[in-house]
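Inspection log for the structure reproduced underneath, given as structure tokens.
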Amino acid sequence: MIRIELGNLPPKELSPNYNRKAHWWHRARAQQWWRELVYISALEARIKARPKGYLPYKKVKLTWTFVYRMNRKRDVDNLIAACKTAQDCLVLAGLIEADDSEHLKLGETRIIVDKNQLSQAIIEIEEDI
């Protein structure tokens, strides 16, 4: 299993519920920042995982964990939609072969509230045989 702690949550601009009347530049800038963060983190994870087995994985189960410091209601569907760019970066970094339904299965989505932890997203990639 590969675990990637991103250190940040996906930007609100990537959520489908984000105000569509906002300027396109804000969304594009947030997407570029998120893409770079995930891509660099995925490359680091790939370097660490290489001795443990062959990459990219052919079939994977992807589990998302979102850690928040404040206890509020969260829309899980919007969180997953905001992370589509991140899944594309896992392919670009060479961790997984593709992000289509044949190669990628979404596992559970966890939301953890802990005032003592940093708010962040965590990706866990397990080979699905």
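Within each chain, counting starts at residue 1; across the structure tokens, chains are named A, B, ... in the order shown, with ligands numbered 1 upward in that order.
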Got a sec to tell me which of region 1-111 of chain A DSSP assigns to alpha helix (DSSP H), as a PDB file with N, CA and C atoms, in the first residue's frame?
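So part_0.pdb came out as:
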ATOM      1  N   TRP A  24     -12.982  32.633 -14.213  1.00  0.00           N
ATOM      2  CA  TRP A  24     -12.362  31.356 -14.547  1.00  0.00           C
ATOM      3  C   TRP A  24     -10.929  31.278 -14.060  1.00  0.00           C
ATOM      4  N   TRP A  25     -10.257  32.408 -13.955  1.00  0.00           N
ATOM      5  CA  TRP A  25      -8.851  32.438 -13.569  1.00  0.00           C
ATOM      6  C   TRP A  25      -8.649  31.895 -12.152  1.00  0.00           C
ATOM      7  N   HIS A  26      -9.590  32.161 -11.251  1.00  0.00           N
ATOM      8  CA  HIS A  26      -9.464  31.676  -9.873  1.00  0.00           C
ATOM      9  C   HIS A  26      -9.486  30.143  -9.838  1.00  0.00           C
ATOM     10  N   ARG A  27     -10.378  29.574 -10.619  1.00  0.00           N
ATOM     11  CA  ARG A  27     -10.478  28.115 -10.670  1.00  0.00           C
ATOM     12  C   ARG A  27      -9.226  27.514 -11.314  1.00  0.00           C
ATOM     13  N   ALA A  28      -8.760  28.125 -12.393  1.00  0.00           N
ATOM     14  CA  ALA A  28      -7.577  27.616 -13.089  1.00  0.00           C
ATOM     15  C   ALA A  28      -6.331  27.693 -12.204  1.00  0.00           C
ATOM     16  N   ARG A  29      -6.211  28.765 -11.472  1.00  0.00           N
ATOM     17  CA  ARG A  29      -5.052  28.935 -10.581  1.00  0.00           C
ATOM     18  C   ARG A  29      -5.075  27.897  -9.456  1.00  0.00           C
ATOM     19  N   ALA A  30      -6.258  27.677  -8.874  1.00  0.00           N
ATOM     20  CA  ALA A  30      -6.390  26.691  -7.804  1.00  0.00           C
ATOM     21  C   ALA A  30      -6.114  25.279  -8.329  1.00  0.00           C
ATOM     22  N   GLN A  31      -6.585  24.989  -9.537  1.00  0.00           N
ATOM     23  CA  GLN A  31      -6.367  23.671 -10.125  1.00  0.00           C
ATOM     24  C   GLN A  31      -4.880  23.439 -10.406  1.00  0.00           C
ATOM     25  N   GLN A  32      -4.192  24.453 -10.880  1.00  0.00           N
ATOM     26  CA  GLN A  32      -2.760  24.314 -11.143  1.00  0.00           C
ATOM     27  C   GLN A  32      -1.997  24.065  -9.845  1.00  0.00           C
ATOM     28  N   TRP A  33      -2.337  24.797  -8.797  1.00  0.00           N
ATOM     29  CA  TRP A  33      -1.670  24.618  -7.499  1.00  0.00           C
ATOM     30  C   TRP A  33      -1.895  23.204  -6.967  1.00  0.00           C
ATOM     31  N   TRP A  34      -3.140  22.726  -7.020  1.00  0.00           N
ATOM     32  CA  TRP A  34      -3.494  21.392  -6.519  1.00  0.00           C
ATOM     33  C   TRP A  34      -2.799  20.310  -7.354  1.00  0.00           C
ATOM     34  N   ARG A  35      -2.771  20.496  -8.668  1.00  0.00           N
ATOM     35  CA  ARG A  35      -2.132  19.530  -9.559  1.00  0.00           C
ATOM     36  C   ARG A  35      -0.643  19.401  -9.238  1.00  0.00           C
ATOM     37  N   GLU A  36       0.021  20.536  -9.055  1.00  0.00           N
ATOM     38  CA  GLU A  36       1.454  20.502  -8.754  1.00  0.00           C
ATOM     39  C   GLU A  36       1.729  19.842  -7.404  1.00  0.00           C
ATOM     40  N   LEU A  37       0.923  20.150  -6.394  1.00  0.00           N
ATOM     41  CA  LEU A  37       1.097  19.562  -5.068  1.00  0.00           C
ATOM     42  C   LEU A  37       0.951  18.042  -5.126  1.00  0.00           C
ATOM     43  N   VAL A  38      -0.108  17.563  -5.766  1.00  0.00           N
ATOM     44  CA  VAL A  38      -0.355  16.127  -5.828  1.00  0.00           C
ATOM     45  C   VAL A  38       0.707  15.431  -6.681  1.00  0.00           C
ATOM     46  N   TYR A  39       1.073  16.032  -7.794  1.00  0.00           N
ATOM     47  CA  TYR A  39       2.054  15.415  -8.684  1.00  0.00           C
ATOM     48  C   TYR A  39       3.404  15.241  -7.981  1.00  0.00           C
ATOM     49  N   ILE A  40       3.870  16.271  -7.302  1.00  0.00           N
ATOM     50  CA  ILE A  40       5.158  16.188  -6.598  1.00  0.00           C
ATOM     51  C   ILE A  40       5.087  15.170  -5.466  1.00  0.00           C
ATOM     52  N   SER A  41       3.981  15.164  -4.731  1.00  0.00           N
ATOM     53  CA  SER A  41       3.809  14.188  -3.648  1.00  0.00           C
ATOM     54  C   SER A  41       3.747  12.769  -4.196  1.00  0.00           C
ATOM     55  N   ALA A  42       3.104  12.583  -5.345  1.00  0.00           N
ATOM     56  CA  ALA A  42       3.013  11.257  -5.964  1.00  0.00           C
ATOM     57  C   ALA A  42       4.365  10.787  -6.466  1.00  0.00           C
ATOM     58  N   LEU A  43       5.166  11.698  -7.018  1.00  0.00           N
ATOM     59  CA  LEU A  43       6.512  11.325  -7.453  1.00  0.00           C
ATOM     60  C   LEU A  43       7.372  10.885  -6.271  1.00  0.00           C
ATOM     61  N   GLU A  44       7.266  11.593  -5.156  1.00  0.00           N
ATOM     62  CA  GLU A  44       8.011  11.200  -3.954  1.00  0.00           C
ATOM     63  C   GLU A  44       7.584   9.813  -3.486  1.00  0.00           C
ATOM     64  N   ALA A  45       6.269   9.552  -3.516  1.00  0.00           N
ATOM     65  CA  ALA A  45       5.754   8.245  -3.101  1.00  0.00           C
ATOM     66  C   ALA A  45       6.226   7.147  -4.050  1.00  0.00           C
ATOM     67  N   ARG A  46       6.312   7.469  -5.324  1.00  0.00           N
ATOM     68  CA  ARG A  46       6.766   6.483  -6.309  1.00  0.00           C
ATOM     69  C   ARG A  46       8.224   6.117  -6.070  1.00  0.00           C
ATOM     70  N   ILE A  47       9.047   7.097  -5.768  1.00  0.00           N
ATOM     71  CA  ILE A  47      10.466   6.837  -5.502  1.00  0.00           C
ATOM     72  C   ILE A  47      10.618   5.927  -4.289  1.00  0.00           C
ATOM     73  N   LYS A  48       9.831   6.183  -3.253  1.00  0.00           N
ATOM     74  CA  LYS A  48       9.903   5.356  -2.038  1.00  0.00           C
ATOM     75  C   LYS A  48       9.364   3.949  -2.277  1.00  0.00           C
ATOM     76  N   ALA A  49       8.358   3.813  -3.142  1.00  0.00           N
ATOM     77  CA  ALA A  49       7.696   2.525  -3.347  1.00  0.00           C
ATOM     78  C   ALA A  49       8.403   1.642  -4.370  1.00  0.00           C
ATOM     79  N   VAL A  76     -19.489  14.732   0.767  1.00  0.00           N
ATOM     80  CA  VAL A  76     -18.476  13.786   0.296  1.00  0.00           C
ATOM     81  C   VAL A  76     -18.387  13.774  -1.228  1.00  0.00           C
ATOM     82  N   ASP A  77     -19.522  13.874  -1.913  1.00  0.00           N
ATOM     83  CA  ASP A  77     -19.503  13.873  -3.386  1.00  0.00           C
ATOM     84  C   ASP A  77     -18.690  15.037  -3.935  1.00  0.00           C
ATOM     85  N   ASN A  78     -18.821  16.200  -3.329  1.00  0.00           N
ATOM     86  CA  ASN A  78     -18.054  17.365  -3.781  1.00  0.00           C
ATOM     87  C   ASN A  78     -16.563  17.195  -3.502  1.00  0.00           C
ATOM     88  N   LEU A  79     -16.240  16.573  -2.383  1.00  0.00           N
ATOM     89  CA  LEU A  79     -14.826  16.328  -2.082  1.00  0.00           C
ATOM     90  C   LEU A  79     -14.208  15.410  -3.132  1.00  0.00           C
ATOM     91  N   ILE A  80     -14.915  14.348  -3.490  1.00  0.00           N
ATOM     92  CA  ILE A  80     -14.405  13.415  -4.496  1.00  0.00           C
ATOM     93  C   ILE A  80     -14.288  14.099  -5.862  1.00  0.00           C
ATOM     94  N   ALA A  81     -15.282  14.904  -6.215  1.00  0.00           N
ATOM     95  CA  ALA A  81     -15.233  15.616  -7.504  1.00  0.00           C
ATOM     96  C   ALA A  81     -14.054  16.586  -7.547  1.00  0.00           C
ATOM     97  N   ALA A  82     -13.763  17.229  -6.428  1.00  0.00           N
ATOM     98  CA  ALA A  82     -12.645  18.167  -6.370  1.00  0.00           C
ATOM     99  C   ALA A  82     -11.304  17.446  -6.489  1.00  0.00           C
ATOM    100  N   LYS A  84     -10.639  14.926  -8.615  1.00  0.00           N
ATOM    101  CA  LYS A  84     -10.450  14.316  -9.939  1.00  0.00           C
ATOM    102  C   LYS A  84      -9.084  14.677 -10.514  1.00  0.00           C
ATOM    103  N   THR A  85      -8.694  15.913 -10.356  1.00  0.00           N
ATOM    104  CA  THR A  85      -7.377  16.346 -10.834  1.00  0.00           C
ATOM    105  C   THR A  85      -6.269  15.544 -10.154  1.00  0.00           C
ATOM    106  N   ALA A  86      -6.451  15.250  -8.871  1.00  0.00           N
ATOM    107  CA  ALA A  86      -5.447  14.492  -8.125  1.00  0.00           C
ATOM    108  C   ALA A  86      -5.307  13.079  -8.693  1.00  0.00           C
ATOM    109  N   GLN A  87      -6.431  12.473  -9.049  1.00  0.00           N
ATOM    110  CA  GLN A  87      -6.382  11.130  -9.620  1.00  0.00           C
ATOM    111  C   GLN A  87      -5.655  11.136 -10.967  1.00  0.00           C
ATOM    112  N   ASP A  88      -5.844  12.177 -11.738  1.00  0.00           N
ATOM    113  CA  ASP A  88      -5.109  12.305 -13.007  1.00  0.00           C
ATOM    114  C   ASP A  88      -3.601  12.401 -12.755  1.00  0.00           C
ATOM    115  N   CYS A  89      -3.220  13.075 -11.692  1.00  0.00           N
ATOM    116  CA  CYS A  89      -1.801  13.232 -11.367  1.00  0.00           C
ATOM    117  C   CYS A  89      -1.161  11.919 -10.942  1.00  0.00           C
ATOM    118  N   LEU A  90      -1.934  11.029 -10.336  1.00  0.00           N
ATOM    119  CA  LEU A  90      -1.401   9.717  -9.968  1.00  0.00           C
ATOM    120  C   LEU A  90      -1.017   8.927 -11.211  1.00  0.00           C
ATOM    121  N   VAL A  91      -1.770   9.109 -12.282  1.00  0.00           N
ATOM    122  CA  VAL A  91      -1.443   8.472 -13.558  1.00  0.00           C
ATOM    123  C   VAL A  91      -0.193   9.119 -14.152  1.00  0.00           C
ATOM    124  N   LEU A  92      -0.149  10.454 -14.163  1.00  0.00           N
ATOM    125  CA  LEU A  92       1.010  11.161 -14.724  1.00  0.00           C
ATOM    126  C   LEU A  92       2.302  10.826 -13.989  1.00  0.00           C
TER     127      LEU A  92
END
For region 57-68 of chain A, find every residue with an atom within 8 Å (counting only C-alpha atoms), except residues of its own chain fewer than 2 positions away, and show them as number ranges by chain. A: 9, 54-55, 70-71, 95-98, 102-115, 117-129
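In this comparison, which uses only C-alpha atoms, the residue of A:Arg3, A:Lys12, A:Lys21, A:Arg69 approaching Asn116 (chain A) most closely is A:Arg69.
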